[in-house]
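Peer 1: This is the structure I want to talk about, given as structure tokens.
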2 protein chains.
Amino acid sequence: MQIEYKGKKYIFEGKVTPVEVAKKIGIDLKPILVAEVNGELFDLSRNIPGDAKIDFFGFDSDKGKKVFWHSSTHILATAVKRLYPDAVLGIGPSIDEGFYYDFYNLKIGDNDLERIEKEAKKVVDEDLKFIRTEKTVQEAKKEVANNKFKLEILDNLKGTVSFYSNGEFSDLCRGPHIPSTRYVKALKLLKVAGAYWRGDSSKEVMTRIYGISFPSKKDMDEYLKMIEERKEHDHKKIGKELGLFFFSEESPGSPFFLPNGTVVYNELIRFARELDLKYGYQEIITPIIAKIDVWKTSGHFDKYRENMYKVSPFSSENEEYGLKPMNCPFSVIAFKTRTRSYRDLPLRLADYGFLHRYELEGTLDGLLRTRILEQNDAHIYVTEEQIEEEILRIFEMMKEIYEKFDLKPMFVLATRPEKRIGSDEIWDASEEALRKALTKSGYKYTVKEGDGAFYGPKIDVYVLDFSGKPEYAYATSTIQIDFNLTQRFQATYVGKDNKEHFPVVIHRSIMGSIGRFMGIILENGKGDLPLWLSPVQARVLTITERNKDYAHKLLDRLKKEGLRVDIDDGNSTLDYKIRSGQLEKIPFLIVIGDKEEKNNTIALRGRDGKTEYGLTVDDFIRDAVKAIKNRSR
Amino acid sequence: MQIEYKGKKYIFEGKVTPVEVAKKIGIDLKPILVAEVNGELFDLSRNIPGDAKIDFFGFDSDKGKKVFWHSSTHILATAVKRLYPDAVLGIGPSIDEGFYYDFYNLKIGDNDLERIEKEAKKVVDEDLKFIRTEKTVQEAKKEVANNKFKLEILDNLKGTVSFYSNGEFSDLCRGPHIPSTRYVKALKLLKVAGAYWRGDSSKEVMTRIYGISFPSKKDMDEYLKMIEERKEHDHKKIGKELGLFFFSEESPGSPFFLPNGTVVYNELIRFARELDLKYGYQEIITPIIAKIDVWKTSGHFDKYRENMYKVSPFSSENEEYGLKPMNCPFSVIAFKTRTRSYRDLPLRLADYGFLHRYELEGTLDGLLRTRILEQNDAHIYVTEEQIEEEILRIFEMMKEIYEKFDLKPMFVLATRPEKRIGSDEIWDASEEALRKALTKSGYKYTVKEGDGAFYGPKIDVYVLDFSGKPEYAYATSTIQIDFNLTQRFQATYVGKDNKEHFPVVIHRSIMGSIGRFMGIILENGKGDLPLWLSPVQARVLTITERNKDYAHKLLDRLKKEGLRVDIDDGNSTLDYKIRSGQLEKIPFLIVIGDKEEKNNTIALRGRDGKTEYGLTVDDFIRDAVKAIKNRSR
């Protein structure tokens, strides 16, 4: 048998398993959890059926993690069945972070998790091997005759299925698994929740146990620390504490921005608009609904319908519209309102339209994933030759935005997929333009070969979160080249040759959804917003009742200078007032006592906790106004 | 028989007609066209059946106009039947301005109108009396046996119906009519159009002739002049010429604002937001869709459903939402997010949400009547005692806005209707508060008794159009008191008595729809926008090629100062460049020749056509920046 590993070929006599291959090649077995044989994940101990390409994965890969966490569900289920023999097995998948297992007829609460976790650790210590056996569907049905959930699963399968056992426990399972329970050095059960069988509200309610596991105790400690930290950074928590926004069951996935949040939101839009002006964009305002035909022409009706909303007047239900999920079709319609010449290109049309995208309720996540969004969106109409320069201009704008918020971007170039439109020449040229622009910009980037859209290559941009780990980065910007849109809408420009040509369109949004962007900067800054974005930029605090008049005069003056200020002239102690101001993340606390009033000065306490005494009001105003104008961090 | 006229009673023996009553009372018969008897419009020559209240109407009233125009349709039909005996009568109503008659089997074009008009004038000159006769439906059917349209109408009628004849012409018609054709001193046919019978696209296509008529030639001349003038003021024409906005069949009633129009739109919003800040409003941003239940709670589903759009995800059609036609429910939901105290009131929440209202396609009118709109909307939560002061504050803001655009407002107070909620005390108090505020503000107002909403009285505000005639005024602002909304949503505040109370809500929008407001100022100013609103505030014009460098330096400097400027440095003549700038309604044309370049000055041509020579660039910038900042007219 011939086994290929990273380009090298190895010959084996008779049957061979991945673990044997690894040994022969001389791969360190310790971190290895699973093999991939001809593209299929394989237990390390499973016989390789014939000539194959092989690869190996550990916990440092997504594939390894998934197998590790899935095996952990079997450990969890083993423990549950030992403690609650009447519990009926549902299914147990890995998820983005950890795993869960769904049981029926299991009445437990979070208090019971410790006991189950203890039993699961016993299962780990017993070092039980995961053993694969194969059965026909018919045999399998006999095996699980008492479990209607497994029977339902088997109803949809044909031919041979597999079971995995560890010790006395056995489960219908596609696999693969890690070699033994002992690989799981740290396991924690997180919570119990109810969930419908297969997510169907007409079916049984299952008891779902969530957990996480790692190959070392150190990994677990780091993870738990990260979870704690993430809670502190959670924009939903911060948004509530600072009164920025809230969500209501009346319109799931649609944020309500409260007055403080609206200040932040509108300032972000204003910033984006100023940059649009600076970088030569013109803004248009377009409708929110359009006839279905538009979405058919644009291709959204075919490709994106599942995420779209249908709109009809109650009094005229035959009229069908779609709520726009993207601005593109409207941009092209505006482009077409007059004859365009090559001299008009690049034509940069910005559009801050509200978009609606139907996302499943379970995937909604505060401002980070909503059903309504408003992007700093634009469509740029260019000739092929203009792509590179235009991308560089976008990068320049991007740099200015990201630096303003101290965001660290990551770039991914997605190239031509197998199924695509457009000539090889235009793909060559535009991919080359994107590469060149990336190189010139000095940004590092990775390439996802074949991951482009069928109508053009793109650059996706992510920004790092507080942890700095790439796997947790937020997607923000997209720069998408599109050869198709203007053809679909028959939108042309007159070239130098006096003939009509289809312009290439660059879809680009730099901040992405403004609400989401707000969520990101709230998380990264733990709620500390830069001065210019802060809903309340300064608060005047009185030390005694005597200073009230002076404090109010100062307040009025600061307001007149355009600062967003308020006052705390109540009877509580200065310490209490300072503490409140800090909790509300107010950048400047201006303390006014007798000395300040006498000398016409202020004591200024910044967010760093340091206080500057004897500052003149004029100096403060000058510095603050300048910092706001420059949008200094 | 006892006839009452304006409170006085008159006794008549035997049968009597309105014209006889008028004679006896001593009313000038000349301007009188029709009577109203016990609330029903009556021919002047028709017998009054018994004791009655009577009133009389001439062309200066809506009722008189309608009868006059409807009678004119019979004159038109008489003429058509004389010239085209095979034409089949449809129906002929009066409309807002004039009338039309629908005919079947009449193949004519606009060219034929002169001939028909000439014949109609003959009918007028013949001074034919309009004579009413009554018939049973059965008799009537015999009379119109050859006319399937009239038969269809009769199918839906019972008992007695009336016919009106003038000379040889007779028509099934409810009436009433003016006494004779001679009353129509001026009549003009305007256009021919096709229209489905009864507006139903499955029915016959009728030939519709539009016309207008007046009781004097002078009225007609004034009208035709006004029509010509109105064309010049038409915002749709101006919007096209200045490239401000356009409409597309892809989303009827939804304006697309082009770059120039978006500048105007965004500046209007910016102005409104600054005023919100000045007058103590806080802004919130709320969703665009909400579950149907919200609209049931708010009452919109019951009362406003015909104008609402239903929204459902394509992939989950059971989920039903409504596109918001108003912001109110979301405002209350935001109000409820925290416990409110009497100390928080008045709480002023502004919301610039996009609203969708399904208006019939035929009623759409450019920016003046759209299906999507964004208002400078707000909801103010107050105690009953705070209403008057709050209304005064709204008036103050209104004054500032209207004066900025030189708009002349008209006020109408609408008081309690018969069907209403709320105690007499609260109606007394709030109507009194509105009256007091109106009186204090110095605004003149009229009262529409009984025209308030069932949940509170309101003030409607109109602004005059270029003609200054109240009947053509645009509706702009509404100030609506609402005792009901907070009760529907159970939104309360804690009063001084430590108990929960429902706050009164004041709905108010001052500019109304921002797009519509833009339409109004475009019409009133014939496209001349104030400097601060102009998409291009200044254009630099070169006299010769030699001045190009200097002109571009100047352009850059003006841009840096924040002015919206462009340049015309082409080869056309200065006269041509000036003419173009004027057509584009650019406030400042800056002419640069050798002399200007040498002296570092500019020649400034304003919209008044006057040119100021030798102005220094610094002086121009200072004045322009100041005028923009102050939003001077």
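Note on naming: chains are A, B, ... as they come in the structure tokens, residues start from 1 per chain, ligands start from 1 in the order shown.
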Mind dumping a table of every chain A residue within 9 Å of chain B, with the nearest atom pair and its distance in Å to one decimal, using only C-alpha atoms, sorted by chain and rising number, as JSON lines?

Peer 2:
```
{"residue": "A:Phe246", "atom": "CA", "partner": "B:Thr337", "partner_atom": "CA", "distance": 8.2}
{"residue": "A:Ser248", "atom": "CA", "partner": "B:Ile333", "partner_atom": "CA", "distance": 8.2}
{"residue": "A:Glu249", "atom": "CA", "partner": "B:Lys291", "partner_atom": "CA", "distance": 8.6}
{"residue": "A:Glu250", "atom": "CA", "partner": "B:Lys291", "partner_atom": "CA", "distance": 5.5}
{"residue": "A:Ser251", "atom": "CA", "partner": "B:Ala290", "partner_atom": "CA", "distance": 4.8}
{"residue": "A:Pro252", "atom": "CA", "partner": "B:Ala290", "partner_atom": "CA", "distance": 8.4}
{"residue": "A:Ser254", "atom": "CA", "partner": "B:Pro287", "partner_atom": "CA", "distance": 5.5}
{"residue": "A:Pro255", "atom": "CA", "partner": "B:Pro287", "partner_atom": "CA", "distance": 6.6}
{"residue": "A:Phe256", "atom": "CA", "partner": "B:Thr286", "partner_atom": "CA", "distance": 4.6}
{"residue": "A:Phe257", "atom": "CA", "partner": "B:Ile285", "partner_atom": "CA", "distance": 4.9}
{"residue": "A:Leu258", "atom": "CA", "partner": "B:Ile284", "partner_atom": "CA", "distance": 5.0}
{"residue": "A:Pro259", "atom": "CA", "partner": "B:Ile284", "partner_atom": "CA", "distance": 5.2}
{"residue": "A:Asn260", "atom": "CA", "partner": "B:Ile284", "partner_atom": "CA", "distance": 8.4}
{"residue": "A:Gly261", "atom": "CA", "partner": "B:Ile284", "partner_atom": "CA", "distance": 7.9}
{"residue": "A:Thr262", "atom": "CA", "partner": "B:Ile284", "partner_atom": "CA", "distance": 5.7}
{"residue": "A:Val263", "atom": "CA", "partner": "B:Glu283", "partner_atom": "CA", "distance": 7.8}
{"residue": "A:Tyr265", "atom": "CA", "partner": "B:Ile285", "partner_atom": "CA", "distance": 9.0}
{"residue": "A:Gln282", "atom": "CA", "partner": "B:Pro259", "partner_atom": "CA", "distance": 5.5}
{"residue": "A:Glu283", "atom": "CA", "partner": "B:Pro259", "partner_atom": "CA", "distance": 5.2}
{"residue": "A:Ile284", "atom": "CA", "partner": "B:Leu258", "partner_atom": "CA", "distance": 5.0}
{"residue": "A:Ile285", "atom": "CA", "partner": "B:Phe257", "partner_atom": "CA", "distance": 4.9}
{"residue": "A:Thr286", "atom": "CA", "partner": "B:Phe256", "partner_atom": "CA", "distance": 4.7}
{"residue": "A:Pro287", "atom": "CA", "partner": "B:Ser254", "partner_atom": "CA", "distance": 5.5}
{"residue": "A:Ile288", "atom": "CA", "partner": "B:Ile372", "partner_atom": "CA", "distance": 8.1}
{"residue": "A:Ile289", "atom": "CA", "partner": "B:Ser251", "partner_atom": "CA", "distance": 6.5}
{"residue": "A:Ala290", "atom": "CA", "partner": "B:Ser251", "partner_atom": "CA", "distance": 4.8}
{"residue": "A:Lys291", "atom": "CA", "partner": "B:Glu250", "partner_atom": "CA", "distance": 5.5}
{"residue": "A:Ile292", "atom": "CA", "partner": "B:Glu250", "partner_atom": "CA", "distance": 8.6}
{"residue": "A:Asp293", "atom": "CA", "partner": "B:Glu250", "partner_atom": "CA", "distance": 7.9}
{"residue": "A:Val294", "atom": "CA", "partner": "B:Glu250", "partner_atom": "CA", "distance": 6.7}
{"residue": "A:Arg305", "atom": "CA", "partner": "B:Phe314", "partner_atom": "CA", "distance": 6.4}
{"residue": "A:Glu306", "atom": "CA", "partner": "B:Ser315", "partner_atom": "CA", "distance": 5.0}
{"residue": "A:Asn307", "atom": "CA", "partner": "B:Pro313", "partner_atom": "CA", "distance": 7.1}
{"residue": "A:Met308", "atom": "CA", "partner": "B:Pro313", "partner_atom": "CA", "distance": 5.8}
{"residue": "A:Tyr309", "atom": "CA", "partner": "B:Pro313", "partner_atom": "CA", "distance": 4.1}
{"residue": "A:Lys310", "atom": "CA", "partner": "B:Ser312", "partner_atom": "CA", "distance": 5.3}
{"residue": "A:Val311", "atom": "CA", "partner": "B:Val311", "partner_atom": "CA", "distance": 4.6}
{"residue": "A:Ser312", "atom": "CA", "partner": "B:Lys310", "partner_atom": "CA", "distance": 5.3}
{"residue": "A:Pro313", "atom": "CA", "partner": "B:Tyr309", "partner_atom": "CA", "distance": 4.1}
{"residue": "A:Phe314", "atom": "CA", "partner": "B:Tyr309", "partner_atom": "CA", "distance": 5.5}
{"residue": "A:Ser315", "atom": "CA", "partner": "B:Glu306", "partner_atom": "CA", "distance": 5.0}
{"residue": "A:Ser316", "atom": "CA", "partner": "B:Glu306", "partner_atom": "CA", "distance": 8.5}
{"residue": "A:Glu317", "atom": "CA", "partner": "B:Lys310", "partner_atom": "CA", "distance": 8.6}
{"residue": "A:Tyr321", "atom": "CA", "partner": "B:Ser251", "partner_atom": "CA", "distance": 8.3}
{"residue": "A:Gly322", "atom": "CA", "partner": "B:Val311", "partner_atom": "CA", "distance": 8.8}
{"residue": "A:Leu323", "atom": "CA", "partner": "B:Val311", "partner_atom": "CA", "distance": 8.3}
{"residue": "A:Phe330", "atom": "CA", "partner": "B:Phe256", "partner_atom": "CA", "distance": 8.3}
{"residue": "A:Ile333", "atom": "CA", "partner": "B:Ser248", "partner_atom": "CA", "distance": 8.3}
{"residue": "A:Ala334", "atom": "CA", "partner": "B:Leu258", "partner_atom": "CA", "distance": 7.3}
{"residue": "A:Thr337", "atom": "CA", "partner": "B:Phe246", "partner_atom": "CA", "distance": 8.2}
{"residue": "A:Leu349", "atom": "CA", "partner": "B:Pro259", "partner_atom": "CA", "distance": 8.2}
{"residue": "A:Phe354", "atom": "CA", "partner": "B:Ile288", "partner_atom": "CA", "distance": 8.8}
{"residue": "A:Arg357", "atom": "CA", "partner": "B:Pro313", "partner_atom": "CA", "distance": 8.8}
{"residue": "A:Tyr358", "atom": "CA", "partner": "B:Pro313", "partner_atom": "CA", "distance": 6.4}
{"residue": "A:Ile372", "atom": "CA", "partner": "B:Pro287", "partner_atom": "CA", "distance": 7.5}
```

Peer 1: If DSSP is run on the backbone, what residues of stretch 257-495 of chain B are strand (DSSP E)? A reply as a count of residues only would be ideal.

Peer 2: 63

Peer 1: For stretch 547-563 of chain A, work out the shell of residues within 8 Å, counting only C-alpha atoms and skipping chain neighbours fewer than 4 positions away, then give it as a short mmCIF file (atom, residue, chain, number, x, y, z; two decimals) with N, CA, C and O atoms, in the first residue's frame.

Peer 2:
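Dumped everything to out_24.cif:
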```
data_model
loop_
_atom_site.label_atom_id
_atom_site.label_comp_id
_atom_site.auth_asym_id
_atom_site.auth_seq_id
_atom_site.Cartn_x
_atom_site.Cartn_y
_atom_site.Cartn_z
N GLN A 537 -18.85 64.18 27.69
CA GLN A 537 -17.41 64.36 27.57
C GLN A 537 -16.79 64.86 28.86
O GLN A 537 -15.64 64.58 29.17
N ALA A 538 -17.55 65.60 29.62
CA ALA A 538 -17.05 66.11 30.89
C ALA A 538 -18.22 66.30 31.85
O ALA A 538 -19.34 66.58 31.43
N VAL A 540 -19.11 68.29 35.58
CA VAL A 540 -18.68 69.22 36.61
C VAL A 540 -19.14 68.68 37.96
O VAL A 540 -20.33 68.37 38.14
N LEU A 541 -18.21 68.52 38.90
CA LEU A 541 -18.55 68.01 40.23
C LEU A 541 -18.32 69.11 41.26
O LEU A 541 -17.25 69.72 41.29
N THR A 542 -19.31 69.36 42.07
CA THR A 542 -19.12 70.35 43.13
C THR A 542 -18.65 69.65 44.40
O THR A 542 -19.06 68.52 44.70
N ILE A 543 -17.75 70.35 45.14
CA ILE A 543 -17.32 69.78 46.43
C ILE A 543 -18.32 70.18 47.52
O ILE A 543 -18.71 69.36 48.33
N ILE A 567 -23.64 67.95 34.99
CA ILE A 567 -23.18 68.40 36.30
C ILE A 567 -23.68 67.44 37.36
O ILE A 567 -24.75 66.84 37.22
N ASP A 569 -24.21 68.19 41.05
CA ASP A 569 -24.13 69.18 42.12
C ASP A 569 -24.94 68.74 43.32
O ASP A 569 -25.40 69.55 44.13
N ILE A 592 -14.82 71.19 41.31
CA ILE A 592 -14.88 72.60 41.67
C ILE A 592 -15.08 72.75 43.18
O ILE A 592 -16.10 72.31 43.73
N GLY A 593 -14.07 73.31 43.83
CA GLY A 593 -14.18 73.62 45.26
C GLY A 593 -13.92 75.11 45.45
O GLY A 593 -13.85 75.88 44.49
N ASP A 594 -13.75 75.52 46.70
CA ASP A 594 -13.54 76.94 47.01
C ASP A 594 -12.30 77.48 46.32
O ASP A 594 -12.31 78.59 45.76
N GLU A 597 -12.85 78.00 42.65
CA GLU A 597 -13.74 79.13 42.42
C GLU A 597 -12.98 80.44 42.62
O GLU A 597 -13.09 81.37 41.80
N ILE A 621 -10.57 74.34 28.00
CA ILE A 621 -11.45 74.41 26.83
C ILE A 621 -10.65 74.30 25.54
O ILE A 621 -11.00 73.54 24.63
N VAL A 625 -11.41 71.22 23.14
CA VAL A 625 -12.01 71.49 21.83
C VAL A 625 -11.09 71.00 20.72
O VAL A 625 -11.54 70.40 19.73
#
```

Peer 1: For atom CA of B:Ile459 and atom CA of B:Gln480, determine how far apart the two atoms are, in Å to one decimal place.

Peer 2: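 Between atom CA of B:Ile459 and atom CA of B:Gln480 the gap works out to 6.4 Å.
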
Peer 1: Quick one: residues within 10 Å of A:Lys444, only C-alpha atoms, excluding same-chain residues fewer than 3 positions away - as number ranges by chain?

Peer 2: A: 409-412, 438-439, 441

Peer 1: Keeping N, CA, C and O atoms, export the residues of the selection given above as a PDB file, in the first residue's frame.

Peer 2:
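Saved as out10.pdb:
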```
ATOM      1  N   PRO A 409      -5.585  45.544  11.976  1.00  0.00           N
ATOM      2  CA  PRO A 409      -6.251  44.768  10.928  1.00  0.00           C
ATOM      3  C   PRO A 409      -5.469  43.531  10.465  1.00  0.00           C
ATOM      4  O   PRO A 409      -4.247  43.468  10.586  1.00  0.00           O
ATOM      5  N   MET A 410      -6.193  42.562   9.950  1.00  0.00           N
ATOM      6  CA  MET A 410      -5.639  41.348   9.330  1.00  0.00           C
ATOM      7  C   MET A 410      -6.291  41.225   7.955  1.00  0.00           C
ATOM      8  O   MET A 410      -7.499  41.407   7.833  1.00  0.00           O
ATOM      9  N   PHE A 411      -5.495  40.883   6.940  1.00  0.00           N
ATOM     10  CA  PHE A 411      -6.010  40.862   5.566  1.00  0.00           C
ATOM     11  C   PHE A 411      -6.027  39.461   4.973  1.00  0.00           C
ATOM     12  O   PHE A 411      -5.060  38.718   5.120  1.00  0.00           O
ATOM     13  N   VAL A 412      -7.098  39.143   4.304  1.00  0.00           N
ATOM     14  CA  VAL A 412      -7.196  37.855   3.613  1.00  0.00           C
ATOM     15  C   VAL A 412      -7.637  38.112   2.168  1.00  0.00           C
ATOM     16  O   VAL A 412      -8.682  38.725   1.926  1.00  0.00           O
ATOM     17  N   LEU A 438      -2.000  45.353  -1.957  1.00  0.00           N
ATOM     18  CA  LEU A 438      -1.687  44.840  -0.624  1.00  0.00           C
ATOM     19  C   LEU A 438      -0.200  45.009  -0.330  1.00  0.00           C
ATOM     20  O   LEU A 438       0.198  45.431   0.752  1.00  0.00           O
ATOM     21  N   THR A 439       0.628  44.658  -1.324  1.00  0.00           N
ATOM     22  CA  THR A 439       2.079  44.760  -1.140  1.00  0.00           C
ATOM     23  C   THR A 439       2.490  46.211  -0.925  1.00  0.00           C
ATOM     24  O   THR A 439       3.217  46.531   0.018  1.00  0.00           O
ATOM     25  N   SER A 441       0.771  48.626   0.159  1.00  0.00           N
ATOM     26  CA  SER A 441       0.242  49.194   1.397  1.00  0.00           C
ATOM     27  C   SER A 441       1.096  48.791   2.587  1.00  0.00           C
ATOM     28  O   SER A 441       1.041  49.411   3.646  1.00  0.00           O
TER      29      SER A 441
END
```

Peer 1: Would you please work out which residue, of A:Arg343, A:Lys23, A:Arg208, A:Val332, is nearest to A:Lys496 when using only C-alpha atoms?

Peer 2: A:Arg343

Peer 1: Find the residues near stretch 583-585 of chain B: any atom within 7 Å, counting only C-alpha atoms, skip ones fewer than 2 places away on the same chain, and give them as number ranges by chain.

Peer 2: B: 242, 527-528, 579-581, 587

Peer 1: Write out, as a PDB file, in the first residue's frame, the residues just selected, with C-alpha atoms.

Peer 2:
```pdb
ATOM      1  CA  LEU B 242     -30.530  70.461 -10.682  1.00  0.00           C
ATOM      2  CA  GLY B 527     -34.828  76.127  -6.850  1.00  0.00           C
ATOM      3  CA  ASP B 528     -32.845  78.954  -5.281  1.00  0.00           C
ATOM      4  CA  ARG B 579     -25.136  81.249 -17.767  1.00  0.00           C
ATOM      5  CA  SER B 580     -24.443  77.608 -16.787  1.00  0.00           C
ATOM      6  CA  GLY B 581     -23.731  78.589 -13.193  1.00  0.00           C
ATOM      7  CA  PRO B 587     -25.077  81.243  -5.191  1.00  0.00           C
TER       8      PRO B 587
END
```

Peer 1: For A:Ile387, please output as a ChimeraX atom specification all residues within 12 Å (counting only C-alpha atoms; exclusion window: fewer than 4 positions along the same chain).

Peer 2: /A:345-346,380-383,391-394,426-427,429-437,457-458,479-483,503-507

Peer 1: Taking the backbone alone, and naming residues the way the document does, which bits of stretch 439-632 of chain B are helix (DSSP H, G or I) by DSSP, as a PyMOL selection string?

Peer 2: chain B and resi 439-441+470-472+485-488+514-524+531-533+545-560+574-583+594-599+617-629
